[in-house]
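The structure under discussion appears below in the form of structure tokens.
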Amino acid sequence: MSKREDTDLKNIIGLTTAEEILGEREIGRDKLVIKGRISPDLIDEISRRKKEPDWMRRMRRMYLEIFNKLSTPQWLEGIEELDLDELSYYVDPGVERRFSWEEIPKDIVEAYEKLGIKKAEAEFLLGLNAQLDSESILLRMKENLLKKGVVFLPLEEAVHKYPDMIREYFMKIFPPEHKFAALHGALWSGGVFVYVPPNVKIDTPVEAFFLIGSALEGNFEHTLIIADKNSSLHFIEGCAAPRLSRYSFHDGMVEIYVGENAHVTFTTLQNWSSQVINFNNKRAIVERNGHIEWVEGSIGSKVTYVYPSAVLRGDNASMESYVITFARDGHIKDSGSKVIHRGRNTRSRIVSKSISMRGGKTIYRGVVRILKGAENAKSYTSCDTLLLDDKSITATYPHVQNDEPTAIIGHEARVSKISDQLLFYLRSRGLNENEALSMIISGYISDVLSRLPFEQAAIIRGAIDLEFSKYGRVG
Amino acid sequence: MTLKGLLVKDLSVEVAGKLILRDVNLEVRPGEIHAIMGPNASGKSTLAYTIMGHPLYKVVNGDIILDGESILNLPPEERFKRGLFLAFQVPPETMVKTRTLYTYLAKRNNISFTKILQYIRDIGLSEDILDRFLNKNFSGGEMKRSEFIQMILSSPRYTILDEPDSGVDADGILMISRFLKQLKERDVGVLIITHIGRVFKEINPDAVHVLIGGRILMEGGPEIIKLIDENGYEYLQKLAVKR
Ligand SMILES: Nc1ncnc2c1ncn2[C@@H]1O[C@H](COP(=O)(O)OP(=O)(O)OP(=O)(O)O)[C@@H](O)[C@H]1O
Ligand SMILES: [Mg+2]
């Protein structure tokens with residue numbers, strides 16, 4: 001790709017410091033909210049508003065029961081202020097879903113314009129689902145997507161249009177093993193359903209973009225992707241919020257079914273504002289010869305828990321997971337990747353690169369589980385941390401359990417610091433401190449970026465560049 | 001009109017609470033080559049770092065003047081922009097791709113990438129260093145050569161070379177010698193820290209300053225190099241005291 005395209009792309013999708021871009025103004029008005037204690041009645045009310053079939057209502061109720069039974073995981077930190085009783089669980093943005101930008105209130109479109117989403121949609125994406133608060137407000141699809149028979153819909157609509165598929169797959173990979181995953185099942189709202197028919201290859205990305213418009217919201221969007229045999233899909237997920245007066249709670253879920261020989265790339269650029277408490281449940285099941293590639297660019301939020309995961313069920317199934325996290329100013333990023341090898345010759349490769357600055361804390365928490373019978377499975381994990389100062393913290397908690405003697409498992413971890421001498425060296429070559437840091441960080445993540453498709457690399461590089469044009473190293 | 005040059009005036013420098021340099025004076029005019037010699041730990045690198053503005057090296061007295069203006073309050077990057085360059089004795093390992101920094105430097109002076117490749121070949125490096133992390137696992141000679149390339153790409157008006165010759169093979173030393181000649185021809189002021197006289201094969205330094213224990217104990221012409229080579233610093237120290 002030429003240089004020009006490089007800068008163009010940055011302009012199109014380099015959204016970063018979304019918080020700065022959006023400022024303090026709430027997005028949308030005249031919202032309708034459902035709040036109060038989480039109860040069966042509250043669940044029913046959400047279900048009623050969505051005119052859901054009874055099976056979905058009952059499913060929500062079941063998850064509520066599980067939620068009530070489970071206890072909060074002991075190891076969570078940074079969520080002290082989270083008080084589930086004061087949140088709005090459903091926030092109707094007060095805007096009907098439309099198919100064109102012109103039909104959406106100007107002040108809302110403005111937010112998407114500022115973030116570059118509108119431009120990206122026009123120039124770069126095959127489809128876009130834009131969600132504000134709890135509901136989708138815009139669905140755009142290029143002809144190509146329709147012609148190929150791809151289904152790309154808000155999940156609510158898919159529940160009505162494709163009930164059999166949703167009923168079969170919804171939360172199938174998520175036996176709600178922890179409290180917040182169960183809560184998600186009870187309160188989910190928004191998100192998209194994607195079905196790619198056999199042999200259909202979608203090389204241009206589709207995107208779902210999520211905006212939280214105001215404080216004290218609970219946000220539970222659910223993305224369900226089914227890639228049928230021999231198909232391929234690149235899905236981008238973006239999220240942002242303005243600076244909020246108090247916290248908001250995001251507890252989203254992504255589940256992906258990768259069929260035989262299918263190939264799915266799922267890229268997240270998480271750019272929540274620094275008041276958002278973010279739980280992200282991401283998991284894929286991969287059939288024979290299938291491949292899932294997770295790319296997690298975790299830039300924003302106050303606290304994030306995210307572990308893109310895969311069950312490699314079929315023989316020769318594989319997962320690659322690239323997790324880039326960035327924690328500053330007391331924020332916490334607890335991330336990593338999890339993989340379960342079941343099929344023979346299954347392969348996984350996890351590369352985590354985290355950056356902590358000004359008292360930020362990054363934690364790598366990973367699971368590699370190789371089941372008996374996953375002959376010749378191979379798994380490799382590499383996790384690197386870059387500490388920009390002495391106030392910043394990092395920890396690594398890899399969990400490996402192997403029951404298969406023929407498996408090969410590798411793990412590497414490294415912590416690097418930026419020395420005064422290195423900074424002086426680069427400054428003596430004419431770079432100011434921020435330029436030097438930005439150059440160091442670009443270099444630090446370059447081996448991940450060079451493996452990624454061009455667009456993904458550009459998204460992440462753009463985000464980091466912008467972050468460092470604003471924040472320098474302190475002390 | 002102010003006189004062009006890099007001036008170090010009555011410079012005293014402290015690092016980690018310890019006084020390392022005392023009352024150092026130097027005057028490097030454009031096109032002049034000044035050699036700094038001295039035993040290990042005498043403060044030579046300290047002088048180089050201080051001129052370039054290393055934040056850990058505190059100037060407790062004196063001044064550094066570049067073309068008539070004090071640069072004491074300027075950060076390193078500003079000093080670089082005013083035409084100063086420092087080739088490090090031991091450049092630190094980086095997480096920056098060599099290509100990234102080279103092209104960054106070249107861009108400032110409109111030097112094309114083809115030209116960078118040519119410099120790399122001329123200096124005896126292999127192109128694959130471009131895709132390696134700068135200075136990481138570089139051999140001693142590669143590091144020194146890489147510092148030279150960066151100097152060329154920066155086209156400074158005054159350059160400080162901190163032991164560019166140590167650990168470098170015979171061909172490398174000849175090359176440095178030729179570089180010195182070229183720098184002089186281009187009117188660049190050179191401050192070269194060295195332990196050996198062989199780099200001056202092609203061209204003699206205009207002045208030699210001997211730094212011992214943080215002070216300049218002796219100054220003169222190329223004859224001092226021979227004196228040191230044959231008798232060592234201890235002899236020189238006695239000589240200086242006698243005078
Ligand atoms: N950052 C530092 N912290 C503590 N001491 C330092 C520091 N930098 C230099 N020194 C001390 O200052 C003195 C001079 O060091 P300097 O590196 O300037 O010597 P040098 O003349 O360049 O020696 P060499 O020939 O070995 O390169 C030494 O005693 C060294 O230990
Ligand atoms: Mg030295």
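Residues are referred to by chain and number: the chain letter is A, B, ... according to the order shown in the structure tokens, the number counts from 1 in that chain, and ligands are numbered separately from 1 in the order shown.
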
Enumerate as a ChimeraX atom specification the residues within 7 Å of ligand 1, counting only C-alpha atoms and all ligand atoms.
-> /B:15-16,20,38-47,56

Could you turn the residues from that selection into a file that holds C-alpha atoms, as an mmCIF file, in the first residue's frame?
```
data_model
loop_
_atom_site.group_PDB
_atom_site.id
_atom_site.type_symbol
_atom_site.label_atom_id
_atom_site.label_comp_id
_atom_site.auth_asym_id
_atom_site.auth_seq_id
_atom_site.Cartn_x
_atom_site.Cartn_y
_atom_site.Cartn_z
ATOM 1 C CA VAL B 15 26.179 13.503 38.384
ATOM 2 C CA ALA B 16 24.488 11.441 41.078
ATOM 3 C CA ILE B 20 32.762 14.915 37.869
ATOM 4 C CA GLY B 38 42.185 10.808 29.068
ATOM 5 C CA PRO B 39 42.202 7.708 31.238
ATOM 6 C CA ASN B 40 39.062 5.702 31.955
ATOM 7 C CA ALA B 41 36.526 7.360 34.216
ATOM 8 C CA SER B 42 38.152 10.775 33.801
ATOM 9 C CA GLY B 43 34.877 12.343 32.669
ATOM 10 C CA LYS B 44 35.090 12.294 28.877
ATOM 11 C CA SER B 45 31.636 10.824 28.271
ATOM 12 C CA THR B 46 30.275 13.077 30.982
ATOM 13 C CA LEU B 47 31.496 16.044 28.967
ATOM 14 C CA LEU B 56 20.948 13.448 34.624
#
```

Give the residues of chain A that lie within 6 Å of chain B; count only C-alpha atoms, and format the answer as a list of chain:residue names.
-> A:Leu422, A:Arg427, A:Ser428, A:Gly430, A:Leu431, A:Asn432, A:Ile440, A:Gly443, A:Tyr444

Two-atom distance - atom CA of Ala182 of chain A, atom CA of Leu138 of chain A (Å) | 27.9 Å

So which residues of segment 83-238 of chain B fall under helix (DSSP H, G or I) by DSSP, listed as a ChimeraX atom specification?
-> /B:98-108,113-122,127-131,140-154,170-185,197-200,223-238

Could you give me, as JSON, numbers by chain, each residue of segment 155-384 of chain A that DSSP assigns to strand (DSSP E) when run on this structure's backbone?
-> {"A": [192, 193, 194, 195, 196, 206, 207, 208, 209, 210, 211, 218, 219, 222, 223, 224, 225, 226, 227, 232, 233, 234, 235, 236, 237, 238, 239, 240, 248, 249, 250, 251, 252, 253, 254, 255, 256, 257, 258, 263, 264, 265, 266, 267, 268, 269, 270, 271, 276, 277, 278, 279, 280, 281, 282, 283, 284, 285, 286, 291, 292, 293, 294, 295, 296, 297, 298, 303, 304, 305, 306, 309, 310, 311, 312, 318, 319, 320, 321, 322, 323, 324, 325, 326, 327, 328, 332, 333, 334, 335, 338, 339, 340, 341, 347, 348, 349, 350, 351, 352, 353, 354, 355, 356, 357, 361, 362, 363, 364, 365, 366, 367, 368, 369, 370, 378, 379, 380, 381, 382, 383, 384]}

Residues near Val415 of chain A, cut-off 12 Å, only C-alpha atoms, skip fewer than 4 positions along chain, as number ranges by chain = A: 352-356, 362-364, 382-388, 392-396, 444

Using only C-alpha atoms and all ligand atoms, which residue out of B:Ile225, B:Ile36, B:Leu66, B:Leu180 lies closest to ligand 2?
->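 Of B:Ile225, B:Ile36, B:Leu66, B:Leu180, the one nearest ligand 2 is B:Ile36, counting only C-alpha atoms and all ligand atoms.
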
Can you pull out the residues contacting Pro222 of chain B? Cut-off 8 Å, using only C-alpha atoms, and skip same-chain residues under 4 positions away; I want them as a short mmCIF file (atom, residue, chain, number, x, y, z; two decimals) with all heavy atoms, in the first residue's frame.
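The result, stored in out.cif:
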```
data_model
loop_
_atom_site.label_atom_id
_atom_site.label_comp_id
_atom_site.auth_asym_id
_atom_site.auth_seq_id
_atom_site.Cartn_x
_atom_site.Cartn_y
_atom_site.Cartn_z
N ASN B 204 45.49 15.36 10.97
CA ASN B 204 45.85 15.63 12.35
C ASN B 204 44.79 16.48 13.04
O ASN B 204 44.14 17.30 12.40
CB ASN B 204 47.18 16.37 12.42
CG ASN B 204 48.33 15.39 12.55
OD1 ASN B 204 48.22 14.36 13.21
ND2 ASN B 204 49.43 15.71 11.88
N PRO B 205 44.61 16.29 14.33
CA PRO B 205 43.69 17.17 15.05
C PRO B 205 44.29 18.57 15.18
O PRO B 205 45.51 18.73 15.19
CB PRO B 205 43.57 16.50 16.42
CG PRO B 205 44.82 15.72 16.59
CD PRO B 205 45.25 15.29 15.21
N ASP B 206 43.40 19.54 15.26
CA ASP B 206 43.88 20.91 15.45
C ASP B 206 44.33 21.14 16.88
O ASP B 206 45.18 21.98 17.14
CB ASP B 206 42.76 21.90 15.09
CG ASP B 206 42.41 21.82 13.62
OD1 ASP B 206 43.17 22.35 12.80
OD2 ASP B 206 41.38 21.17 13.30
N ALA B 207 43.74 20.38 17.80
CA ALA B 207 44.14 20.52 19.20
C ALA B 207 43.87 19.23 19.94
O ALA B 207 42.96 18.48 19.58
CB ALA B 207 43.37 21.67 19.85
N VAL B 208 44.67 18.97 20.97
CA VAL B 208 44.45 17.81 21.83
C VAL B 208 44.30 18.30 23.26
O VAL B 208 45.09 19.13 23.72
CB VAL B 208 45.62 16.81 21.72
CG1 VAL B 208 45.41 15.62 22.65
CG2 VAL B 208 45.81 16.34 20.29
N LYS B 226 51.46 11.30 20.82
CA LYS B 226 52.65 10.46 20.81
C LYS B 226 53.18 10.30 22.24
O LYS B 226 53.53 9.21 22.68
CB LYS B 226 53.71 11.11 19.92
CG LYS B 226 54.64 10.09 19.32
CD LYS B 226 55.57 10.71 18.28
CE LYS B 226 56.73 9.76 18.07
NZ LYS B 226 58.04 10.41 18.25
#
```

Out of B:Val59, B:Leu19, B:Leu227, B:Ala48, which residue has the shortest atom-to-atom distance to Thr159 of chain B when counting only C-alpha atoms?
->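 Of B:Val59, B:Leu19, B:Leu227, B:Ala48, the one nearest Thr159 of chain B is B:Ala48, counting only C-alpha atoms.
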
Excluding Ala241 of chain A and residues on its chain fewer than 2 positions from it, collect all residues at most 8 Å away from it, counting only C-alpha atoms, and give them as a PyMOL selection string.
-> chain A and resi 18-19+22+211-214+239+243-244+271-273

Tyr322 of chain A: which residues within 8 Å, counting only C-alpha atoms, same-chain residues fewer than 2 positions away excluded, as an MDAnalysis selection string?
-> chainID A and resid 293:296 320 324 350:353 448
